[in-house]
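Okay, run-v5.cif is below, mmCIF, C-alpha atoms and all ligand atoms:
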data_final
#
loop_
_atom_site.label_atom_id
_atom_site.label_comp_id
_atom_site.auth_asym_id
_atom_site.auth_seq_id
_atom_site.Cartn_x
_atom_site.Cartn_y
_atom_site.Cartn_z
CA MET B 1 -6.03 -16.80 -16.93
CA ASN B 2 -4.30 -14.24 -19.06
CA GLU B 3 -0.54 -14.38 -19.27
CA ASP B 4 0.90 -11.39 -17.47
CA TRP B 5 2.55 -8.79 -19.64
CA VAL B 6 6.31 -8.45 -19.36
CA LEU B 7 7.55 -7.16 -16.02
CA TYR B 8 9.66 -4.00 -16.23
CA GLU B 9 11.69 -2.27 -13.51
CA VAL B 10 11.31 1.50 -13.43
CA PHE B 11 14.07 4.03 -12.73
CA LEU B 12 13.47 7.76 -12.36
CA ARG B 13 15.74 10.78 -12.52
CA SER B 14 14.06 13.04 -10.02
CA ARG B 15 15.82 16.26 -11.07
CA SER B 16 18.26 17.14 -13.78
CA GLY B 17 21.77 16.48 -12.49
CA LEU B 18 20.81 13.48 -10.37
CA GLU B 19 21.16 9.79 -11.22
CA HIS B 20 18.25 7.51 -12.07
CA LYS B 21 16.97 5.60 -9.07
CA HIS B 22 14.91 2.41 -8.87
CA VAL B 23 11.31 3.16 -7.85
CA GLY B 24 9.35 -0.02 -8.55
CA SER B 25 8.04 -2.23 -11.28
CA LEU B 26 5.08 -2.65 -13.60
CA HIS B 27 3.74 -4.79 -16.40
CA ALA B 28 3.46 -3.65 -20.00
CA ALA B 29 2.98 -5.17 -23.44
CA ASP B 30 6.04 -3.36 -24.81
CA ALA B 31 8.70 -0.83 -23.88
CA ARG B 32 6.71 2.17 -25.07
CA MET B 33 3.74 1.18 -22.94
CA ALA B 34 6.09 0.57 -20.01
CA ILE B 35 7.24 4.19 -20.20
CA GLU B 36 3.67 5.45 -20.41
CA HIS B 37 2.57 3.30 -17.48
CA ALA B 38 5.62 4.44 -15.51
CA ARG B 39 4.60 8.03 -16.15
CA ASP B 40 1.08 7.36 -14.80
CA THR B 41 2.15 5.12 -11.94
CA TYR B 42 5.30 6.76 -10.62
CA THR B 43 5.28 10.44 -11.65
CA ARG B 44 1.83 11.80 -10.78
CA ARG B 45 3.46 14.51 -8.66
CA GLN B 46 6.45 15.47 -10.78
CA GLU B 47 8.67 12.83 -9.18
CA GLY B 48 10.72 12.53 -12.34
CA VAL B 49 12.17 14.34 -15.35
CA SER B 50 13.39 11.17 -17.02
CA ILE B 51 12.31 7.52 -17.01
CA TRP B 52 14.25 4.32 -17.67
CA VAL B 53 12.50 0.98 -17.95
CA VAL B 54 14.29 -2.33 -18.19
CA ARG B 55 12.91 -5.83 -18.41
CA SER B 56 13.19 -7.40 -14.94
CA SER B 57 14.49 -10.59 -16.49
CA GLU B 58 17.52 -8.65 -17.78
CA ILE B 59 18.69 -7.73 -14.29
CA VAL B 60 21.42 -9.91 -12.87
CA ALA B 61 21.54 -9.68 -9.10
CA ALA B 62 24.17 -10.90 -6.66
CA ASP B 63 23.07 -13.74 -4.43
CA PRO B 64 22.57 -12.55 -0.81
CA GLU B 65 24.30 -15.76 0.34
CA GLU B 66 27.46 -14.45 -1.32
CA ALA B 67 27.31 -11.15 0.54
CA GLU B 68 30.13 -12.05 2.89
CA ALA B 69 32.48 -13.16 0.14
CA LEU B 70 31.71 -10.06 -1.89
CA PHE B 71 31.68 -7.32 0.70
CA GLU B 72 33.52 -8.55 3.77
CA PRO B 73 37.05 -8.05 2.30
CA ALA B 74 36.51 -4.26 2.27
CA ARG B 75 35.66 -4.10 5.95
CA ASP B 76 39.19 -4.08 7.43
CA LYS B 77 40.70 -1.77 4.82
CA ILE B 78 40.20 1.31 6.89
CA TYR B 79 43.37 2.80 5.37
CA ARG B 80 41.21 3.59 2.35
CA HIS B 81 39.55 6.35 4.34
CA PRO B 82 41.14 9.76 4.98
CA THR B 83 40.47 9.55 8.74
CA PHE B 84 43.02 6.70 9.00
CA TYR B 85 45.89 9.18 8.73
CA THR B 86 47.02 11.41 11.59
CA ILE B 87 48.24 14.84 10.52
CA PRO B 88 49.29 17.55 13.03
CA ASP B 89 46.71 20.32 13.49
CA GLU B 90 49.22 22.98 12.41
CA VAL B 91 49.26 21.61 8.90
CA LYS B 92 46.52 23.31 6.93
CA ASN B 93 44.63 22.54 3.75
CA LEU B 94 45.15 18.81 3.90
CA MET R 1 11.24 -4.76 -7.20
CA TYR R 2 12.87 -7.31 -9.40
CA THR R 3 10.57 -10.21 -9.44
CA GLN R 4 10.32 -12.76 -12.14
CA ALA R 5 13.79 -14.10 -11.63
CA LEU R 6 12.58 -15.14 -8.21
CA ASP R 7 9.79 -17.39 -9.37
CA SER R 8 11.98 -20.42 -9.77
CA ALA R 9 13.91 -19.73 -6.60
CA ASP R 10 10.62 -19.61 -4.75
CA THR R 11 9.25 -22.93 -5.85
CA ALA R 12 12.62 -24.49 -5.10
CA ALA R 13 12.66 -23.02 -1.59
CA PRO R 14 14.05 -25.72 0.65
CA GLN R 15 11.21 -27.10 2.76
CA GLY R 16 12.76 -29.61 5.10
CA ASP R 17 16.27 -28.20 4.71
CA ALA R 18 18.67 -29.67 7.26
CA ASP R 19 19.64 -26.20 8.47
CA GLU R 20 16.05 -24.91 8.57
CA GLY R 21 16.25 -24.34 12.33
CA GLY R 22 19.48 -22.39 12.07
CA ARG R 23 18.18 -20.31 9.17
CA ARG R 24 15.04 -19.46 11.11
CA GLU R 25 17.08 -18.35 14.07
CA ARG R 26 19.34 -16.15 11.92
CA PHE R 27 16.26 -14.75 10.17
CA GLN R 28 14.62 -13.76 13.46
CA GLY R 29 17.95 -12.28 14.54
CA ARG R 30 17.97 -10.03 11.48
CA ILE R 31 14.39 -8.93 12.22
CA ASP R 32 15.27 -8.24 15.86
CA ARG R 33 18.18 -6.05 14.70
CA ASP R 34 15.72 -4.13 12.49
CA GLU R 35 17.38 -5.27 9.28
CA LYS R 36 15.13 -5.26 6.21
CA ILE R 37 14.37 -8.51 4.43
CA GLU R 38 14.74 -8.27 0.64
CA PRO R 39 13.21 -10.46 -2.09
CA LYS R 40 16.18 -12.75 -2.65
CA ASP R 41 16.91 -13.29 1.05
CA TRP R 42 15.99 -16.55 2.72
CA MET R 43 12.72 -16.33 4.63
CA PRO R 44 10.42 -18.86 6.32
CA GLN R 45 7.55 -20.03 4.13
CA GLU R 46 5.02 -18.73 6.69
CA TYR R 47 6.57 -15.25 6.58
CA ARG R 48 6.31 -15.28 2.79
CA GLN R 49 2.72 -16.54 2.84
CA THR R 50 1.64 -14.05 5.49
CA LEU R 51 3.06 -11.19 3.45
CA ILE R 52 1.55 -12.40 0.19
CA ARG R 53 -1.85 -12.63 1.87
CA GLN R 54 -1.60 -9.24 3.54
CA ILE R 55 -0.12 -7.32 0.60
CA ALA R 56 -2.60 -8.87 -1.86
CA GLN R 57 -5.56 -8.00 0.37
CA HIS R 58 -4.18 -4.52 0.67
CA ALA R 59 -3.77 -4.21 -3.12
CA HIS R 60 -7.29 -5.51 -3.77
CA SER R 61 -8.64 -2.98 -1.24
CA GLU R 62 -7.06 -0.10 -3.15
CA ILE R 63 -8.53 -1.34 -6.43
CA VAL R 64 -12.04 -2.07 -5.13
CA GLY R 65 -11.81 1.17 -3.14
CA MET R 66 -11.93 3.13 -6.39
CA LEU R 67 -15.53 2.03 -6.95
CA PRO R 68 -17.49 3.77 -4.18
CA GLU R 69 -15.79 7.10 -4.94
CA GLY R 70 -15.79 6.64 -8.70
CA ASN R 71 -19.57 6.54 -8.31
CA TRP R 72 -19.56 10.32 -7.69
CA ILE R 73 -17.04 11.59 -10.24
CA THR R 74 -19.65 12.51 -12.83
CA ARG R 75 -21.82 14.17 -10.18
CA ALA R 76 -19.21 16.20 -8.29
CA PRO R 77 -20.77 19.60 -7.58
CA SER R 78 -17.95 21.72 -9.04
CA LEU R 79 -15.00 21.41 -11.39
CA ARG R 80 -12.63 21.82 -8.43
CA ARG R 81 -14.23 18.92 -6.56
CA LYS R 82 -14.28 16.85 -9.73
CA VAL R 83 -10.55 17.17 -10.51
CA VAL R 84 -9.73 16.46 -6.86
CA LEU R 85 -11.86 13.32 -6.83
CA ILE R 86 -10.40 12.08 -10.11
CA ALA R 87 -6.88 12.63 -8.78
CA LYS R 88 -7.70 10.78 -5.57
CA VAL R 89 -9.26 7.82 -7.32
CA GLN R 90 -6.28 7.67 -9.69
CA ASP R 91 -3.95 7.62 -6.67
CA GLU R 92 -5.85 4.64 -5.25
CA GLY R 93 -5.34 2.81 -8.54
CA GLY R 94 -1.64 3.65 -8.28
CA HIS R 95 -1.53 2.32 -4.73
CA GLY R 96 -2.97 -0.96 -5.97
CA MET R 97 -0.20 -1.10 -8.61
CA TYR R 98 2.61 -0.44 -6.09
CA LEU R 99 1.24 -3.17 -3.85
CA TYR R 100 0.75 -5.79 -6.55
CA SER R 101 4.38 -5.12 -7.53
CA ALA R 102 5.49 -5.65 -3.94
CA ALA R 103 3.49 -8.90 -3.70
CA GLU R 104 5.08 -10.15 -6.92
CA THR R 105 8.55 -9.89 -5.40
CA LEU R 106 7.47 -12.77 -3.16
CA GLY R 107 7.01 -15.06 -6.15
CA VAL R 108 3.28 -14.81 -6.86
CA SER R 109 2.10 -13.60 -10.28
CA ARG R 110 -0.11 -10.58 -10.71
CA GLY R 111 -2.44 -12.54 -12.98
CA ALA R 112 -3.02 -15.10 -10.23
CA LEU R 113 -3.82 -12.38 -7.69
CA ILE R 114 -6.28 -10.65 -9.98
CA GLU R 115 -7.89 -13.95 -10.84
CA GLN R 116 -8.42 -14.63 -7.11
CA LEU R 117 -10.08 -11.26 -6.69
CA LEU R 118 -12.37 -11.71 -9.69
CA ALA R 119 -13.29 -15.24 -8.61
CA GLY R 120 -14.40 -13.89 -5.23
CA ARG R 121 -11.75 -15.91 -3.40
CA ALA R 122 -9.72 -12.93 -2.15
CA LYS R 123 -10.50 -10.65 0.75
CA TYR R 124 -10.42 -6.89 0.66
CA SER R 125 -11.24 -4.23 3.21
CA SER R 126 -14.81 -4.56 4.47
CA ILE R 127 -15.34 -0.79 4.23
CA PHE R 128 -15.67 -0.77 0.44
CA ASN R 129 -18.82 -2.88 0.57
CA TYR R 130 -20.85 0.06 1.83
CA PRO R 131 -22.68 2.31 -0.66
CA THR R 132 -21.97 6.00 -1.32
CA LEU R 133 -25.49 7.38 -1.16
CA THR R 134 -24.85 11.12 -1.03
CA TRP R 135 -22.12 13.60 -1.92
CA ALA R 136 -21.28 13.90 1.79
CA ASP R 137 -20.17 10.26 1.69
CA ILE R 138 -17.21 11.38 -0.45
CA GLY R 139 -16.17 13.73 2.34
CA ALA R 140 -16.70 11.07 5.02
CA ILE R 141 -14.63 8.55 3.05
CA GLY R 142 -11.67 10.90 2.65
CA TRP R 143 -11.80 12.02 6.26
CA LEU R 144 -12.60 8.71 8.00
CA VAL R 145 -11.70 5.88 5.64
CA ASP R 146 -8.45 7.42 4.39
CA GLY R 147 -7.82 8.61 7.95
CA ALA R 148 -8.12 5.06 9.25
CA ALA R 149 -6.01 3.80 6.36
CA ILE R 150 -3.25 6.29 7.25
CA MET R 151 -3.31 5.12 10.89
CA ASN R 152 -2.85 1.55 9.66
CA GLN R 153 -0.29 2.38 7.01
CA ILE R 154 2.17 4.66 8.76
CA PRO R 155 3.57 1.84 10.93
CA LEU R 156 3.76 -0.35 7.80
CA CYS R 157 6.41 2.03 6.42
CA ARG R 158 8.70 0.33 8.97
CA CYS R 159 7.61 -3.19 8.05
CA SER R 160 10.46 -5.70 7.98
CA TYR R 161 9.90 -6.57 4.32
CA GLY R 162 11.71 -3.98 2.19
CA PRO R 163 9.51 -3.81 -0.93
CA TYR R 164 6.32 -3.55 1.16
CA ALA R 165 7.83 -0.87 3.40
CA ARG R 166 8.98 1.16 0.38
CA ALA R 167 5.57 0.91 -1.28
CA MET R 168 4.00 2.12 1.95
CA VAL R 169 6.29 5.14 2.14
CA ARG R 170 5.16 6.15 -1.32
CA ILE R 171 1.49 5.54 -0.46
CA CYS R 172 1.58 7.43 2.83
CA LYS R 173 3.03 10.50 1.12
CA GLU R 174 -0.04 10.54 -1.13
CA GLU R 175 -2.68 9.71 1.49
CA SER R 176 -2.44 12.95 3.38
CA PHE R 177 -4.10 14.89 0.56
CA HIS R 178 -6.90 12.30 0.48
CA GLN R 179 -7.77 12.86 4.10
CA ARG R 180 -7.48 16.64 3.96
CA GLN R 181 -9.70 17.02 0.90
CA GLY R 182 -12.33 14.85 2.63
CA TYR R 183 -12.24 16.89 5.81
CA GLU R 184 -12.39 20.13 3.84
CA LEU R 185 -15.45 18.81 2.00
CA MET R 186 -17.12 17.93 5.34
CA LEU R 187 -16.23 21.35 6.70
CA THR R 188 -17.86 23.04 3.71
CA LEU R 189 -21.06 21.05 4.26
CA ALA R 190 -20.96 21.59 8.04
CA ARG R 191 -20.78 25.35 7.47
CA GLY R 192 -23.49 25.24 4.82
CA SER R 193 -27.28 25.11 4.95
CA ALA R 194 -29.28 23.02 7.43
CA ALA R 195 -29.80 20.44 4.69
CA GLN R 196 -26.05 20.27 4.02
CA ARG R 197 -25.29 19.87 7.72
CA ALA R 198 -27.86 17.07 7.94
CA MET R 199 -26.24 15.39 4.96
CA ALA R 200 -22.82 15.58 6.64
CA GLN R 201 -24.23 14.16 9.89
CA ASP R 202 -25.96 11.34 8.04
CA ALA R 203 -22.67 10.42 6.32
CA LEU R 204 -20.83 10.39 9.66
CA ASN R 205 -23.61 8.22 11.11
CA ARG R 206 -23.18 5.63 8.38
CA TRP R 207 -19.35 5.65 8.07
CA TRP R 208 -18.25 5.88 11.71
CA TRP R 209 -18.70 2.25 12.77
CA PRO R 210 -17.51 0.69 9.50
CA SER R 211 -14.38 2.90 9.78
CA LEU R 212 -13.65 1.56 13.28
CA MET R 213 -14.04 -1.96 11.90
CA MET R 214 -11.34 -1.26 9.30
CA PHE R 215 -8.74 -1.95 11.97
CA GLY R 216 -9.84 -5.58 12.03
CA PRO R 217 -11.07 -7.84 14.81
CA SER R 218 -10.28 -7.00 18.42
CA ASP R 219 -6.93 -8.27 19.69
CA ALA R 220 -8.61 -11.06 21.63
CA HIS R 221 -9.92 -12.51 18.35
CA SER R 222 -7.12 -11.62 15.95
CA VAL R 223 -5.46 -14.80 14.74
CA HIS R 224 -2.34 -13.40 13.15
CA THR R 225 -1.36 -10.52 15.38
CA ALA R 226 1.24 -12.10 17.69
CA GLN R 227 3.34 -13.68 14.94
CA SER R 228 3.09 -10.60 12.71
CA LEU R 229 4.34 -8.44 15.58
CA ARG R 230 7.28 -10.81 16.15
CA TRP R 231 8.17 -10.59 12.47
CA LYS R 232 7.69 -6.82 12.52
CA ILE R 233 5.16 -7.03 9.71
CA LYS R 234 2.83 -5.25 12.12
CA ARG R 235 4.04 -2.78 14.69
CA PHE R 236 0.84 -2.18 16.66
CA SER R 237 -2.17 -4.35 17.44
CA ASN R 238 -5.59 -3.71 15.89
CA ASP R 239 -7.02 -2.30 19.11
CA GLU R 240 -4.06 0.03 19.67
CA LEU R 241 -4.47 1.53 16.20
CA ARG R 242 -8.24 1.78 16.56
CA GLN R 243 -7.81 3.66 19.84
CA LYS R 244 -5.36 6.11 18.24
CA PHE R 245 -7.84 6.73 15.45
CA ILE R 246 -10.70 7.39 17.86
CA ASP R 247 -8.54 9.76 19.91
CA VAL R 248 -7.60 11.93 16.94
CA THR R 249 -10.93 11.76 15.12
CA VAL R 250 -13.43 12.63 17.86
CA PRO R 251 -12.08 16.20 18.27
CA GLN R 252 -12.20 16.60 14.47
CA ALA R 253 -15.90 15.68 14.54
CA GLN R 254 -16.45 18.16 17.35
CA TYR R 255 -14.82 20.90 15.31
CA LEU R 256 -17.27 20.14 12.51
CA GLY R 257 -20.13 20.43 15.01
CA LEU R 258 -21.18 16.86 14.20
CA THR R 259 -22.11 14.11 16.64
CA VAL R 260 -20.25 10.81 16.67
CA PRO R 261 -23.01 8.16 16.53
CA ASP R 262 -21.99 6.39 19.72
CA PRO R 263 -24.13 7.11 22.80
CA GLU R 264 -21.53 5.42 25.03
CA LEU R 265 -18.59 7.47 23.79
CA ARG R 266 -16.91 9.25 26.73
CA TRP R 267 -13.63 10.92 27.63
CA ASP R 268 -11.56 8.91 30.10
CA GLU R 269 -9.68 11.66 31.93
CA PRO R 270 -7.16 9.53 33.91
CA ALA R 271 -6.21 7.49 30.81
CA GLN R 272 -6.43 10.50 28.44
CA HIS R 273 -8.41 8.46 25.91
CA TYR R 274 -11.86 8.47 24.39
CA ARG R 275 -13.72 5.26 25.23
CA ALA R 276 -16.02 3.95 22.50
CA GLY R 277 -19.02 1.70 22.97
CA PRO R 278 -18.95 -1.94 21.81
CA ILE R 279 -18.54 -2.67 18.09
CA ALA R 280 -21.13 -4.85 16.31
CA TRP R 281 -18.71 -7.54 15.17
CA SER R 282 -21.45 -9.70 13.67
CA GLU R 283 -21.85 -7.00 10.99
CA PHE R 284 -18.10 -6.99 10.29
CA HIS R 285 -18.02 -10.76 9.83
CA ALA R 286 -21.11 -10.72 7.62
CA VAL R 287 -19.59 -8.05 5.35
CA LEU R 288 -16.28 -9.90 5.20
CA LYS R 289 -18.08 -13.14 4.32
CA GLY R 290 -19.75 -11.46 1.35
CA ASP R 291 -23.05 -10.30 2.81
CA GLY R 292 -22.42 -6.56 3.02
CA PRO R 293 -24.67 -4.10 1.19
CA CYS R 294 -22.46 -3.97 -1.93
CA ASN R 295 -20.22 -7.07 -2.04
CA ARG R 296 -21.88 -8.51 -5.12
CA GLU R 297 -22.06 -5.18 -6.89
CA ARG R 298 -18.33 -4.51 -6.29
CA LEU R 299 -17.22 -7.84 -7.70
CA ALA R 300 -19.59 -7.54 -10.63
CA ALA R 301 -18.10 -4.11 -11.43
CA ARG R 302 -14.52 -5.44 -11.28
CA ARG R 303 -15.42 -8.38 -13.52
CA ALA R 304 -17.18 -6.14 -16.01
CA ALA R 305 -14.15 -3.81 -16.13
CA HIS R 306 -11.83 -6.76 -16.65
CA GLU R 307 -13.96 -8.15 -19.47
CA ALA R 308 -14.49 -4.76 -21.09
CA GLY R 309 -10.73 -4.24 -21.14
CA ARG R 310 -9.98 -7.59 -22.71
CA TRP R 311 -9.91 -6.31 -26.31
CA VAL R 312 -7.48 -3.55 -25.30
CA ARG R 313 -5.10 -6.05 -23.72
CA GLU R 314 -5.34 -8.30 -26.76
CA ALA R 315 -4.75 -5.42 -29.16
CA ALA R 316 -1.72 -4.23 -27.16
CA ALA R 317 -0.25 -7.74 -27.14
CA ALA R 318 -0.83 -8.11 -30.90
CA TYR R 319 0.79 -4.73 -31.51
CA ALA R 320 3.81 -5.68 -29.42
CA ASP R 321 4.14 -8.97 -31.32
CA LYS R 322 4.04 -7.19 -34.64
CA HIS R 323 6.44 -4.36 -33.86
CA GLY R 324 8.83 -6.03 -31.44
CA ALA R 325 8.36 -5.46 -27.74
CA ASP R 326 11.37 -3.21 -27.35
CA ALA R 327 10.49 -0.77 -30.10
CA VAL R 328 10.17 2.47 -28.17
CA ALA R 329 9.33 4.98 -30.84
CA ALA R 330 5.72 5.17 -31.90
CA PRO R 331 5.43 4.33 -35.59
CA SER R 332 5.00 7.37 -37.80
CA GLY R 333 1.88 7.77 -39.89
FE FE B 401 -4.80 4.32 -0.99
FE FE B 402 -6.42 7.12 -0.11
#
Please, can you express the file's structure as structure tokens?
Ligand SMILES: [Fe+2]
Ligand SMILES: [Fe+2]
Amino acid sequence: MNEDWVLYEVFLRSRSGLEHKHVGSLHAADARMAIEHARDTYTRRQEGVSIWVVRSSEIVAADPEEAEALFEPARDKIYRHPTFYTIPDEVKNL
Amino acid sequence: MYTQALDSADTAAPQGDADEGGRRERFQGRIDRDEKIEPKDWMPQEYRQTLIRQIAQHAHSEIVGMLPEGNWITRAPSLRRKVVLIAKVQDEGGHGMYLYSAAETLGVSRGALIEQLLAGRAKYSSIFNYPTLTWADIGAIGWLVDGAAIMNQIPLCRCSYGPYARAMVRICKEESFHQRQGYELMLTLARGSAAQRAMAQDALNRWWWPSLMMFGPSDAHSVHTAQSLRWKIKRFSNDELRQKFIDVTVPQAQYLGLTVPDPELRWDEPAQHYRAGPIAWSEFHAVLKGDGPCNRERLAARRAAHEAGRWVREAAAAYADKHGADAVAAPSG
């Protein structure tokens, strides 16, 4: 069996002014080919104006088992949201 | 769909883990709450295996599915039809790529999947083992085969496994053009000469039953349905989807002025459904087992393409070795 080419993750900027967003992955022999394959695979209908590719092995992801430790502490900090504060209706522009 | 980092995690997946029962219960709870399962989340081995099997079969179907239509690219009757057919076949190749990527997030390598296909050990949709004998077959495929695929695929956009669901969203967006161009082609033939109408009818005669079989065995004989429904990999049973397809497609055939090749087909007024005659399941099983009209030809074509592309893959790998894999700019001169 042939060794698979390197796996790349593909990110597209759909319109100028927007951020790049993950759309999928593909295999390529090198970075240039990854961009060309991304063009053919993910932008056949003008889905992007810019492409990023990054080797999948370079992505460090948080462990889902840690989700509670990472994200739970923010849950009860409702005072970080503007709706936490009561302001009389008469006060404008606030 | 970050994948390779998962390979090791997958092989190390705890088999007889002390908390296996608890994990399974929490997993089913997440599914029941309509949460999506993502690649790094814990999942039962059977869930992973079911998805790998289903997504791989789906990917292989897209790839093999390029062959019957590719057969007519050079003979399309006009430039308009030719560019449309090329674009459609290219989409199907893209669908195969999205799906292989989704399968890889479950810890299987793409090379292994392709090897299974080429070795004849993988299944793909039975429909692609039928020949495309006339130009009307290209219309019938877009209308019926892509139509049936859409019926199957729309509920998969809500599949519990995130990468599969996202791939399906992308695919479904592209499928609609496939079906419409096929129906438009049929309409052109149906409004054409007597010979063209006969060609359209002949294509419907040959593709109708195989299209109904695309939904898989009847619920009574479907081995995986109940568990897949519980895991929300499937949302509807094979027979439910087949019925929906019949209900929407029969009026489309009537509009074309063509006859659905089923003498028992009738409208069930109280139930508001079309009732089809019995399906010849022996044919379905024969085609799936490898004895359809084109099984050998399809595999031979895939193998030949793989072999013919070998030097390109080797050259690309050698080039990457020489220039460094991350060199983006093409060398000048
Ligand atoms: Fe497709
Ligand atoms: Fe399609």
Next item on the list: Dump as a ChimeraX atom specification the residues of chain R that approach chain B to within 10 Å, counting only C-alpha atoms.
Entry: /R:1-6,38-42,87,90-91,93-102,104-105,109-112,114-115,163,166-167,170,174,310,313-321,323-330
I'd like a table as JSON lines: residues in chain R with an atom no more than 6 Å from ligand FE 402 (chain B), each row giving the shortest atom pair and its distance in Å to one decimal, all atoms listed in the file counted, sorted by chain and rising residue number.
{"residue": "R:Glu92", "atom": "CA", "partner": "B:FE402", "partner_atom": "FE", "distance": 5.7}
{"residue": "R:Asp146", "atom": "CA", "partner": "B:FE402", "partner_atom": "FE", "distance": 4.9}
{"residue": "R:Glu175", "atom": "CA", "partner": "B:FE402", "partner_atom": "FE", "distance": 4.8}
{"residue": "R:His178", "atom": "CA", "partner": "B:FE402", "partner_atom": "FE", "distance": 5.2}
Margin query: Would you compute the distance between atom CA of R:His224 and atom CA of R:Asp239? Give it in Å to one decimal.
Written below: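 Going from atom CA of R:His224 over to atom CA of R:Asp239 covers 13.4 Å.
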Quick one: residues within 12 Å of R:Glu240, all atoms listed in the file, excluding same-chain residues fewer than 6 positions away - as an mmCIF file with C-alpha atoms, in the coordinates of the input?
data_model
loop_
_atom_site.group_PDB
_atom_site.id
_atom_site.type_symbol
_atom_site.label_atom_id
_atom_site.label_comp_id
_atom_site.auth_asym_id
_atom_site.auth_seq_id
_atom_site.Cartn_x
_atom_site.Cartn_y
_atom_site.Cartn_z
ATOM 1 C CA MET R 151 -3.310 5.120 10.890
ATOM 2 C CA ASN R 152 -2.850 1.550 9.660
ATOM 3 C CA PRO R 155 3.570 1.840 10.930
ATOM 4 C CA LEU R 212 -13.650 1.560 13.280
ATOM 5 C CA PHE R 215 -8.740 -1.950 11.970
ATOM 6 C CA GLY R 216 -9.840 -5.580 12.030
ATOM 7 C CA PRO R 217 -11.070 -7.840 14.810
ATOM 8 C CA SER R 218 -10.280 -7.000 18.420
ATOM 9 C CA ASP R 219 -6.930 -8.270 19.690
ATOM 10 C CA THR R 225 -1.360 -10.520 15.380
ATOM 11 C CA LYS R 234 2.830 -5.250 12.120
ATOM 12 C CA ILE R 246 -10.700 7.390 17.860
ATOM 13 C CA ASP R 247 -8.540 9.760 19.910
ATOM 14 C CA HIS R 273 -8.410 8.460 25.910
#
Notebook entry, point to check: Hey, can you check how far atom CA of B:Glu47 sits from atom CA of B:Phe11?
Noted result: 10.9 Å
Note to self: What's the separation between atom CA of R:Arg158 and atom CA of R:Phe236, in Å to one decimal place?
What the structure shows: 11.3 Å
Margin query: Show me, as a ChimeraX atom specification, the residues that have an atom within 7 Å of R:Pro293 when counting only C-alpha atoms, minus same-chain residues fewer than 6 positions from it.
Written below: /R:129-131
Need the axis-aligned box for stretch 61-79 of chain R with 3 Å each side, so what are the centre and edges in Å to one decimal, as lines of an AutoDock Vina configuration file?
center_x = -14.4
center_y = 9.4
center_z = -7.0
size_x = 20.8
size_y = 30.7
size_z = 17.6
Fewer than 4 positions away in the same chain doesn't count, so skip those; otherwise give me all residues within 8 Å of R:Glu184, counting only C-alpha atoms, as a PDB file with C-alpha atoms, in the frame of the given file.
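selection.pdb, written as the output of this step:
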ATOM      1  CA  GLY R 139     -16.170  13.730   2.340  1.00  0.00           C
ATOM      2  CA  ARG R 180      -7.480  16.640   3.960  1.00  0.00           C
ATOM      3  CA  THR R 188     -17.860  23.040   3.710  1.00  0.00           C
TER       4      THR R 188
END
Checklist line | For R:Ala300, the nearest of the candidates R:Leu118, R:Ala18, R:Leu258, R:Val108, counting all atoms listed in the file | finding: R:Leu118
Next item on the list: Tell me which protein, DNA and RNA residues are within 9 Å of B:Ile51, counting all atoms listed in the file, leaving out same-chain ones fewer than 2 positions away, and put them as a ChimeraX atom specification.
Entry: /B:10-13,20,35,38-39,48-49,53
Note to self: Which residues are near stretch 120-128 of chain R? Cut-off 7 Å, all atoms listed in the file, ignore same chain within fewer than 2 positions. Put them as a PyMOL selection string.
What the structure shows: chain R and resi 57-58+60-61+64-65+68+116-118+130+210-211+214+287-288
